[in-house]
file my_file.txt (compact mmCIF, C-alpha atoms and all ligand atoms)
# COMPACT_ATOMS: atom_id res chain seq x y z
CA MET N 1 4.37 -9.19 26.56
CA ARG N 2 7.02 -7.03 25.01
CA LYS N 3 7.27 -6.51 21.27
CA LYS N 4 10.00 -7.88 19.08
CA ILE N 5 11.08 -5.45 16.37
CA VAL N 6 13.41 -5.57 13.40
CA ALA N 7 14.11 -2.03 12.22
CA ALA N 8 15.97 -1.00 9.07
CA ASN N 9 18.12 2.11 9.28
CA TRP N 10 19.00 2.88 5.68
CA LYS N 11 21.23 5.80 6.77
CA MET N 12 22.25 7.95 3.74
CA ASN N 13 21.86 5.21 1.14
CA LEU N 14 19.67 4.40 -1.90
CA ASN N 15 18.08 6.73 -4.41
CA LEU N 16 14.31 6.85 -4.83
CA GLU N 17 14.15 4.03 -7.37
CA GLU N 18 16.52 1.78 -5.41
CA GLY N 19 14.50 2.36 -2.27
CA LYS N 20 11.27 1.44 -4.02
CA THR N 21 12.78 -1.76 -5.40
CA LEU N 22 14.13 -2.76 -1.98
CA VAL N 23 10.77 -2.23 -0.25
CA ASP N 24 8.93 -4.12 -3.02
CA GLY N 25 11.37 -7.00 -2.59
CA ILE N 26 10.83 -7.12 1.17
CA LEU N 27 7.04 -6.90 0.88
CA GLY N 28 7.04 -9.66 -1.73
CA ASN N 29 8.23 -12.21 0.82
CA LEU N 30 7.23 -10.70 4.12
CA PRO N 31 6.21 -13.27 6.75
CA MET N 32 2.97 -12.79 8.68
CA LEU N 33 3.83 -10.05 11.16
CA THR N 34 1.85 -9.50 14.35
CA LYS N 35 1.43 -6.84 16.99
CA GLN N 36 4.19 -8.60 18.93
CA LYS N 37 6.52 -9.04 15.94
CA GLN N 38 6.94 -5.86 13.96
CA VAL N 39 9.15 -4.38 11.26
CA VAL N 40 10.17 -0.73 10.86
CA ILE N 41 11.68 0.77 7.72
CA ALA N 42 13.56 4.06 8.24
CA PRO N 43 14.65 5.45 4.88
CA SER N 44 15.90 8.97 4.26
CA PHE N 45 13.31 11.76 4.44
CA VAL N 46 13.10 11.94 0.65
CA HIS N 47 11.74 8.37 0.45
CA LEU N 48 9.08 8.73 3.13
CA SER N 49 6.12 9.73 0.96
CA GLN N 50 6.85 6.92 -1.47
CA THR N 51 7.49 4.25 1.16
CA VAL N 52 4.33 5.06 3.11
CA VAL N 53 2.26 4.28 0.00
CA GLN N 54 4.10 0.99 -0.51
CA LEU N 55 3.49 -0.07 3.10
CA ASP N 56 -0.14 1.02 3.11
CA GLU N 57 -1.76 -2.39 2.62
CA TYR N 58 0.52 -4.21 5.03
CA GLU N 59 0.06 -4.65 8.76
CA HIS N 60 2.66 -4.31 11.49
CA ILE N 61 5.31 -2.90 9.18
CA TYR N 62 5.86 0.74 10.04
CA LEU N 63 7.49 3.79 8.56
CA GLY N 64 10.38 5.30 10.50
CA ALA N 65 12.46 8.46 10.20
CA GLN N 66 16.13 8.73 11.10
CA ASN N 67 15.96 12.09 12.83
CA CYS N 68 13.71 15.03 13.67
CA ALA N 69 14.16 18.67 14.64
CA THR N 70 14.54 19.86 18.22
CA GLU N 71 11.89 22.56 17.66
CA ALA N 72 8.20 22.35 16.80
CA SER N 73 8.27 24.63 13.74
CA GLY N 74 9.71 27.87 12.44
CA ALA N 75 12.79 29.32 10.79
CA PHE N 76 15.15 26.33 10.94
CA THR N 77 16.26 25.90 7.35
CA GLY N 78 16.86 22.30 6.37
CA GLU N 79 15.31 20.79 9.51
CA VAL N 80 12.21 18.59 9.58
CA ALA N 81 9.79 18.80 12.51
CA ALA N 82 8.31 15.72 14.17
CA SER N 83 4.84 17.06 13.36
CA ILE N 84 5.70 17.21 9.64
CA LEU N 85 7.03 13.64 9.76
CA ALA N 86 3.87 12.50 11.52
CA SER N 87 1.76 14.17 8.83
CA VAL N 88 3.49 12.03 6.16
CA GLY N 89 2.68 8.84 8.06
CA VAL N 90 5.88 8.30 10.04
CA GLN N 91 5.32 6.24 13.20
CA TYR N 92 8.84 5.71 14.59
CA ILE N 93 11.80 8.08 14.92
CA ILE N 94 15.38 6.99 15.55
CA ILE N 95 16.91 9.44 18.02
CA GLY N 96 20.43 9.59 19.43
CA HIS N 97 22.18 7.45 16.85
CA SER N 98 25.94 7.50 17.45
CA GLU N 99 26.52 8.94 13.98
CA ARG N 100 24.33 11.91 14.81
CA ARG N 101 25.93 12.34 18.23
CA GLU N 102 29.41 12.24 16.72
CA TYR N 103 29.18 13.89 13.29
CA PHE N 104 26.42 16.37 14.07
CA LYS N 105 27.41 17.00 17.68
CA GLU N 106 23.98 16.20 19.09
CA SER N 107 24.08 16.89 22.81
CA ASN N 108 21.96 15.25 25.49
CA GLU N 109 19.94 18.48 25.67
CA ALA N 110 19.19 18.27 21.94
CA LEU N 111 18.20 14.60 22.28
CA VAL N 112 15.79 15.42 25.10
CA LYS N 113 14.12 18.07 22.92
CA LYS N 114 13.86 15.68 19.97
CA ILE N 115 12.40 12.92 22.14
CA ASN N 116 9.87 15.38 23.56
CA GLN N 117 8.92 16.52 20.06
CA ALA N 118 8.50 12.94 18.85
CA LEU N 119 6.35 11.91 21.83
CA ALA N 120 4.26 15.09 21.64
CA ASN N 121 3.38 14.07 18.08
CA ASN N 122 2.42 10.51 19.06
CA LEU N 123 5.49 8.97 17.49
CA GLN N 124 7.41 6.01 18.87
CA VAL N 125 11.03 6.73 19.74
CA ILE N 126 13.88 4.34 18.99
CA PHE N 127 16.48 5.73 21.36
CA CYS N 128 20.05 4.68 20.57
CA CYS N 129 22.82 4.26 23.10
CA GLY N 130 26.18 2.54 23.08
CA GLU N 131 29.81 2.95 24.01
CA PRO N 132 32.95 3.61 21.94
CA LEU N 133 35.83 1.15 21.98
CA VAL N 134 37.93 3.03 24.58
CA ILE N 135 35.08 2.76 27.06
CA ARG N 136 34.59 -0.94 26.34
CA ASP N 137 38.33 -1.56 26.71
CA ALA N 138 38.26 0.21 30.08
CA ASN N 139 35.26 -1.97 31.07
CA GLU N 140 33.20 1.15 31.81
CA GLN N 141 30.41 0.43 29.33
CA ASN N 142 27.68 -0.12 31.91
CA THR N 143 28.20 3.25 33.58
CA TYR N 144 28.56 5.00 30.21
CA VAL N 145 25.36 3.58 28.73
CA GLY N 146 23.49 4.07 32.01
CA LYS N 147 24.38 7.77 31.90
CA GLN N 148 23.23 8.11 28.28
CA ILE N 149 19.85 6.64 29.26
CA GLU N 150 19.57 8.78 32.37
CA ALA N 151 20.36 11.97 30.43
CA ALA N 152 17.83 11.34 27.66
CA LEU N 153 14.98 9.34 29.17
CA PHE N 154 14.76 9.86 32.93
CA HIS N 155 12.56 12.94 32.60
CA LEU N 156 9.80 10.88 30.95
CA SER N 157 6.71 9.49 32.67
CA ASN N 158 5.92 5.77 32.83
CA GLU N 159 3.14 6.44 30.34
CA GLN N 160 5.54 8.09 27.89
CA MET N 161 8.01 5.22 28.27
CA LYS N 162 5.43 2.93 26.64
CA ASN N 163 6.31 4.73 23.40
CA VAL N 164 10.06 4.28 23.74
CA VAL N 165 12.20 1.47 22.35
CA ILE N 166 15.91 1.33 23.19
CA ALA N 167 18.56 0.28 20.68
CA TYR N 168 21.95 -0.74 22.06
CA GLU N 169 24.56 -0.07 19.43
CA PRO N 170 28.15 -0.55 20.53
CA ILE N 171 29.97 1.99 18.35
CA TRP N 172 32.88 -0.38 17.83
CA ALA N 173 30.52 -2.83 16.13
CA ILE N 174 28.71 -0.43 13.78
CA GLY N 175 29.58 -0.99 10.13
CA THR N 176 32.80 -2.72 11.15
CA GLY N 177 31.73 -6.30 10.62
CA ARG N 178 32.58 -6.79 14.30
CA THR N 179 29.63 -7.86 16.44
CA ALA N 180 29.27 -7.93 20.19
CA SER N 181 29.31 -11.57 21.28
CA THR N 182 25.96 -12.93 22.36
CA GLU N 183 27.26 -12.80 25.95
CA GLN N 184 28.29 -9.15 25.61
CA ALA N 185 24.95 -8.28 24.00
CA GLN N 186 22.88 -10.13 26.60
CA GLU N 187 24.90 -8.66 29.46
CA MET N 188 24.40 -5.09 28.25
CA HIS N 189 20.72 -5.58 27.40
CA ALA N 190 20.10 -7.00 30.89
CA HIS N 191 21.93 -3.99 32.35
CA ILE N 192 19.81 -1.57 30.30
CA ARG N 193 16.65 -3.31 31.49
CA ARG N 194 17.86 -3.03 35.11
CA VAL N 195 18.49 0.70 34.62
CA ILE N 196 14.92 1.08 33.34
CA VAL N 197 13.44 -1.08 36.12
CA ASN N 198 15.30 0.91 38.79
CA LYS N 199 13.93 4.19 37.49
CA PHE N 200 10.49 3.31 36.11
CA GLY N 201 9.60 0.05 37.89
CA GLU N 202 9.15 -3.62 36.95
CA ALA N 203 6.27 -3.24 34.51
CA VAL N 204 7.96 -0.63 32.31
CA GLY N 205 11.25 -2.54 32.41
CA ALA N 206 9.66 -5.86 31.53
CA ASN N 207 7.74 -4.35 28.62
CA ILE N 208 10.36 -2.16 26.97
CA SER N 209 11.85 -3.57 23.77
CA ILE N 210 15.65 -3.43 23.62
CA LEU N 211 17.10 -3.91 20.14
CA TYR N 212 20.64 -4.81 19.23
CA GLY N 213 22.46 -2.87 16.49
CA GLY N 214 26.02 -3.20 15.32
CA SER N 215 26.73 -5.43 12.36
CA CYS N 216 23.67 -7.57 13.08
CA ASN N 217 23.12 -9.58 9.90
CA ASP N 218 21.54 -12.68 8.43
CA LYS N 219 24.39 -14.83 9.81
CA ASN N 220 24.27 -13.80 13.45
CA ALA N 221 20.65 -12.67 13.96
CA ILE N 222 19.34 -16.06 15.12
CA GLU N 223 21.96 -16.31 17.84
CA LEU N 224 21.58 -12.68 18.95
CA PHE N 225 17.78 -12.79 19.00
CA ALA N 226 17.85 -15.95 21.11
CA CYS N 227 19.23 -13.90 24.04
CA GLU N 228 16.63 -13.33 26.72
CA ASP N 229 16.91 -9.54 26.72
CA VAL N 230 17.49 -8.97 23.00
CA ASP N 231 14.12 -8.08 21.48
CA GLY N 232 15.19 -7.65 17.87
CA GLY N 233 17.62 -5.48 15.97
CA LEU N 234 18.35 -2.09 14.44
CA ILE N 235 19.99 -3.00 11.18
CA GLY N 236 22.22 -0.87 8.95
CA GLY N 237 24.11 -2.46 6.05
CA ALA N 238 22.23 -5.77 6.03
CA ALA N 239 18.91 -3.90 5.73
CA LEU N 240 19.90 -2.70 2.26
CA LYS N 241 19.67 -6.19 0.76
CA VAL N 242 16.32 -7.93 0.32
CA ASP N 243 17.48 -11.46 1.14
CA ALA N 244 19.59 -10.49 4.14
CA PHE N 245 16.88 -8.29 5.64
CA LEU N 246 14.19 -10.92 5.12
CA ALA N 247 16.43 -13.52 6.79
CA ILE N 248 16.79 -11.19 9.79
CA ILE N 249 13.01 -10.69 9.93
CA ASN N 250 12.56 -14.45 9.82
CA ALA N 251 15.10 -14.85 12.65
CA MET N 252 12.81 -12.62 14.73
CA MET N 253 9.72 -14.61 13.75
CA PHE N 254 11.23 -17.81 15.13
CA ALA N 255 12.94 -16.25 18.19
P1 LIG K 1 25.37 -1.81 10.73
O1 LIG K 1 24.31 -2.86 10.81
O2 LIG K 1 25.74 -1.43 9.32
O3 LIG K 1 26.56 -2.15 11.59
O4 LIG K 1 24.74 -0.48 11.36
C1 LIG K 1 24.16 -0.56 12.60
C2 LIG K 1 23.45 0.71 12.86
O5 LIG K 1 24.08 1.73 13.09
C3 LIG K 1 21.99 0.71 12.76
O6 LIG K 1 21.47 1.90 13.21
call {"tool": "encode", "arguments": {"input": "my_file.txt", "output": "structure tokens"}}
result
Amino acid sequence: MRKKIVAANWKMNLNLEEGKTLVDGILGNLPMLTKQKQVVIAPSFVHLSQTVVQLDEYEHIYLGAQNCATEASGAFTGEVAASILASVGVQYIIIGHSERREYFKESNEALVKKINQALANNLQVIFCCGEPLVIRDANEQNTYVGKQIEAALFHLSNEQMKNVVIAYEPIWAIGTGRTASTEQAQEMHAHIRRVIVNKFGEAVGANISILYGGSCNDKNAIELFACEDVDGGLIGGAALKVDAFLAIINAMMFA
């Protein structure tokens, strides 16, 4: 059975104290998570050592990072290697977020290196894909997203794919308040699963978790998570508020 996951991507928000308060608030009312229903918190690097201590006593809520370096170690000022993140207690890494592709010009080659680094350090990858508005308007989203997946994941083995989660984040719905309709979300998630099945076979495709991201919030999570191929969410803005994030976690619990 595939896992359902609600993952918080804090992006570049919250100072140390605000982050601590948010995590305390979430932990204070966290439902009983299981191996099949997990939560990931991905704060900025600065928070990681603090957040890992807060999460220590809790099960099935994991620490995530928002990025990692392409290289294993060395003279790369300002970068953070996957091995260093693992040593702090990080278990998931978000790779290929549209903001990193766009603002930091991350190429497919860079994403492949980051994914390889993460997997080599026994980390789970949350691989992000999704189309901009012009592609959606031209109805070319399936080809576009299929190519993103092919470029970044097709070199992996079936065994490695067990440590990969995919997040579909239509760029036109990120931080805009605009959400893909449940039909649009389900259609794309089913397409992504087909792409994975065609390359890696039925078992890998059936077991891979595909999260929805793009203005997923406490109001629309129940409806989105009810879609057959939507296995949870990667949440930005709504993950910065205790009540909204808990409501999204609860939507997963009952999905
Ligand atoms: P929002 O939930 O703020 O739209 O952000 C989505 C996202 O980019 C999560 O990675």
call {"tool": "residues_near_ligand", "arguments": {"input": "my_file.txt", "ligand": "ligand LIG 1 (chain K)", "cutoff": "6 Å", "atoms": "all atoms listed in the file", "output": "ChimeraX atom specification"}}
result
/N:9,174-175,213-216,234-238
call {"tool": "atom_distance", "arguments": {"input": "my_file.txt", "atom1": "atom CA of Leu33 of chain N", "atom2": "atom CA of Tyr58 of chain N"}}
result
9.1 Å
call {"tool": "residues_near_point", "arguments": {"input": "my_file.txt", "point": "(15.2, -5.5, 12.6)", "cutoff": "10 Å", "atoms": "all atoms listed in the file", "output": "JSON, numbers by chain"}}
result
{"N": [4, 5, 6, 7, 8, 9, 37, 38, 39, 40, 41, 211, 212, 213, 216, 217, 221, 231, 232, 233, 234, 235, 236, 238, 239, 245, 246, 247, 248, 249, 250, 251, 252]}
call {"tool": "atom_distance", "arguments": {"input": "my_file.txt", "atom1": "atom CA of Val90 of chain N", "atom2": "atom CA of Glu57 of chain N"}}
result
15.1 Å
call {"tool": "closest_residue", "arguments": {"input": "my_file.txt", "among": "N:Gly19, N:His47, N:Ile93, N:Phe154", "to": "Val197 of chain N", "atoms": "only C-alpha atoms"}}
result
N:Phe154
call {"tool": "atom_distance", "arguments": {"input": "my_file.txt", "atom1": "atom CA of Ile135 of chain N", "atom2": "atom CA of Glu202 of chain N"}}
result
28.5 Å
call {"tool": "closest_residue", "arguments": {"input": "my_file.txt", "among": "N:Lys35, N:Val88, N:Gly201, N:Pro43", "to": "Leu22 of chain N", "atoms": "all atoms listed in the file"}}
result
N:Pro43
call {"tool": "residues_around", "arguments": {"input": "my_file.txt", "residues": "Ile208 of chain N", "least_positions_apart": "6", "cutoff": "9 Å", "atoms": "all atoms listed in the file", "output": "mmCIF file with C-alpha atoms, keeping the file's coordinate frame"}}
result
data_model
loop_
_atom_site.group_PDB
_atom_site.id
_atom_site.type_symbol
_atom_site.label_atom_id
_atom_site.label_comp_id
_atom_site.auth_asym_id
_atom_site.auth_seq_id
_atom_site.Cartn_x
_atom_site.Cartn_y
_atom_site.Cartn_z
ATOM 1 C CA ARG N 2 7.020 -7.030 25.010
ATOM 2 C CA LYS N 3 7.270 -6.510 21.270
ATOM 3 C CA MET N 161 8.010 5.220 28.270
ATOM 4 C CA LYS N 162 5.430 2.930 26.640
ATOM 5 C CA ASN N 163 6.310 4.730 23.400
ATOM 6 C CA VAL N 164 10.060 4.280 23.740
ATOM 7 C CA VAL N 165 12.200 1.470 22.350
ATOM 8 C CA ILE N 166 15.910 1.330 23.190
ATOM 9 C CA ARG N 193 16.650 -3.310 31.490
ATOM 10 C CA ILE N 196 14.920 1.080 33.340
ATOM 11 C CA ASP N 231 14.120 -8.080 21.480
#
call {"tool": "closest_residue", "arguments": {"input": "my_file.txt", "among": "N:Phe76, N:Trp10, N:Tyr103, N:Tyr92", "to": "Asn121 of chain N", "atoms": "only C-alpha atoms"}}
result
N:Tyr92
call {"tool": "residues_around", "arguments": {"input": "my_file.txt", "residues": "Phe45 of chain N", "least_positions_apart": "6", "cutoff": "9 Å", "atoms": "all atoms listed in the file", "output": "PyMOL selection string"}}
result
chain N and resi 65-67+80+85
call {"tool": "closest_residue", "arguments": {"input": "my_file.txt", "among": "N:Arg194, N:Arg101, N:His155, N:His60", "to": "Glu131 of chain N", "atoms": "all atoms listed in the file"}}
result
N:Arg101
call {"tool": "axis_aligned_box", "arguments": {"input": "my_file.txt", "around": "segment 230-243 of chain N", "padding_each_side": "4 Å", "output": "JSON"}}
result
{"center_x": 19.1, "center_y": -6.2, "center_z": 11.7, "size_x": 18.0, "size_y": 18.6, "size_z": 30.7}
call {"tool": "closest_residue", "arguments": {"input": "my_file.txt", "among": "N:Gln160, N:Ser107, N:Gln184, N:Thr21", "to": "Gln148 of chain N", "atoms": "only C-alpha atoms"}}
result
N:Ser107
call {"tool": "closest_residue", "arguments": {"input": "my_file.txt", "among": "N:Gln141, N:Ser87, N:Gln50, N:Gln36", "to": "Glu18 of chain N", "atoms": "only C-alpha atoms"}}
result
N:Gln50
call {"tool": "decode", "arguments": {"input": "my_file.txt", "residues": "segment 72-102 of chain N", "atoms": "N, CA, C and O atoms", "output": "compact mmCIF listing (two decimals), in the first residue's frame"}}
result
# COMPACT_ATOMS: atom_id res chain seq x y z
N ALA N 72 29.39 16.00 -3.41
CA ALA N 72 29.44 15.27 -2.14
C ALA N 72 30.07 16.10 -1.01
O ALA N 72 29.65 16.02 0.14
N SER N 73 31.09 16.88 -1.34
CA SER N 73 31.78 17.70 -0.34
C SER N 73 32.78 18.58 -1.07
O SER N 73 32.97 18.44 -2.28
N GLY N 74 33.42 19.49 -0.34
CA GLY N 74 34.51 20.25 -0.94
C GLY N 74 34.29 21.75 -0.94
O GLY N 74 33.48 22.27 -0.18
N ALA N 75 35.03 22.43 -1.79
CA ALA N 75 35.06 23.89 -1.81
C ALA N 75 33.88 24.44 -2.61
O ALA N 75 34.00 24.78 -3.78
N PHE N 76 32.72 24.48 -1.98
CA PHE N 76 31.49 24.98 -2.60
C PHE N 76 30.81 25.91 -1.60
O PHE N 76 29.81 25.54 -0.98
N THR N 77 31.39 27.06 -1.42
CA THR N 77 30.97 27.98 -0.37
C THR N 77 29.45 28.22 -0.39
O THR N 77 28.90 28.54 -1.44
N GLY N 78 28.84 28.05 0.76
CA GLY N 78 27.42 28.33 0.89
C GLY N 78 26.52 27.14 0.58
O GLY N 78 25.32 27.20 0.83
N GLU N 79 27.07 26.08 0.04
CA GLU N 79 26.26 24.90 -0.28
C GLU N 79 26.21 23.94 0.92
O GLU N 79 27.08 23.98 1.79
N VAL N 80 25.21 23.07 0.94
CA VAL N 80 25.10 22.09 2.01
C VAL N 80 24.93 20.70 1.38
O VAL N 80 23.97 20.45 0.63
N ALA N 81 25.85 19.82 1.70
CA ALA N 81 25.85 18.47 1.10
C ALA N 81 24.76 17.59 1.72
O ALA N 81 24.42 17.73 2.90
N ALA N 82 24.27 16.65 0.92
CA ALA N 82 23.26 15.70 1.41
C ALA N 82 23.79 14.93 2.62
O ALA N 82 23.04 14.66 3.56
N SER N 83 25.08 14.62 2.62
CA SER N 83 25.64 13.86 3.75
C SER N 83 25.60 14.69 5.05
O SER N 83 25.39 14.15 6.13
N ILE N 84 25.81 16.00 4.91
CA ILE N 84 25.75 16.87 6.10
C ILE N 84 24.31 16.95 6.60
O ILE N 84 24.05 16.86 7.80
N LEU N 85 23.36 17.06 5.68
CA LEU N 85 21.95 17.09 6.07
C LEU N 85 21.56 15.79 6.76
O LEU N 85 20.89 15.79 7.79
N ALA N 86 22.02 14.68 6.21
CA ALA N 86 21.71 13.38 6.82
C ALA N 86 22.28 13.32 8.24
O ALA N 86 21.65 12.77 9.15
N SER N 87 23.45 13.91 8.42
CA SER N 87 24.09 13.82 9.75
C SER N 87 23.32 14.62 10.80
O SER N 87 23.44 14.36 12.00
N VAL N 88 22.53 15.59 10.38
CA VAL N 88 21.71 16.38 11.31
C VAL N 88 20.42 15.64 11.67
O VAL N 88 19.77 15.94 12.66
N GLY N 89 20.03 14.68 10.81
CA GLY N 89 18.79 13.94 11.07
C GLY N 89 17.74 14.16 9.99
O GLY N 89 16.59 13.76 10.15
N VAL N 90 18.13 14.80 8.90
CA VAL N 90 17.19 15.00 7.79
C VAL N 90 16.88 13.64 7.14
O VAL N 90 17.77 12.80 6.98
N GLN N 91 15.60 13.44 6.79
CA GLN N 91 15.21 12.18 6.15
C GLN N 91 14.64 12.36 4.74
O GLN N 91 14.61 11.42 3.96
N TYR N 92 14.12 13.54 4.47
CA TYR N 92 13.56 13.84 3.14
C TYR N 92 14.25 15.08 2.55
O TYR N 92 14.57 16.00 3.31
N ILE N 93 14.41 15.11 1.23
CA ILE N 93 14.90 16.33 0.59
C ILE N 93 13.99 16.67 -0.59
O ILE N 93 13.70 15.82 -1.44
N ILE N 94 13.53 17.91 -0.60
CA ILE N 94 12.74 18.41 -1.74
C ILE N 94 13.74 18.78 -2.85
O ILE N 94 14.66 19.56 -2.62
N ILE N 95 13.54 18.21 -4.02
CA ILE N 95 14.46 18.49 -5.13
C ILE N 95 13.64 18.84 -6.38
O ILE N 95 12.62 18.20 -6.67
N GLY N 96 14.09 19.90 -7.06
CA GLY N 96 13.45 20.28 -8.32
C GLY N 96 12.26 21.20 -8.15
O GLY N 96 11.42 21.31 -9.06
N HIS N 97 12.16 21.86 -7.01
CA HIS N 97 11.05 22.80 -6.84
C HIS N 97 11.11 23.86 -7.94
O HIS N 97 12.19 24.30 -8.32
N SER N 98 9.95 24.29 -8.40
CA SER N 98 9.92 25.25 -9.53
C SER N 98 10.64 26.55 -9.18
O SER N 98 11.22 27.19 -10.05
N GLU N 99 10.62 26.93 -7.89
CA GLU N 99 11.33 28.17 -7.52
C GLU N 99 12.83 28.00 -7.68
O GLU N 99 13.53 28.92 -8.06
N ARG N 100 13.33 26.82 -7.41
CA ARG N 100 14.76 26.58 -7.58
C ARG N 100 15.11 26.45 -9.07
O ARG N 100 16.14 26.92 -9.52
N ARG N 101 14.22 25.82 -9.82
CA ARG N 101 14.48 25.72 -11.27
C ARG N 101 14.50 27.12 -11.88
O ARG N 101 15.36 27.42 -12.70
N GLU N 102 13.55 27.95 -11.47
CA GLU N 102 13.42 29.26 -12.11
C GLU N 102 14.43 30.29 -11.58
O GLU N 102 15.18 30.87 -12.34
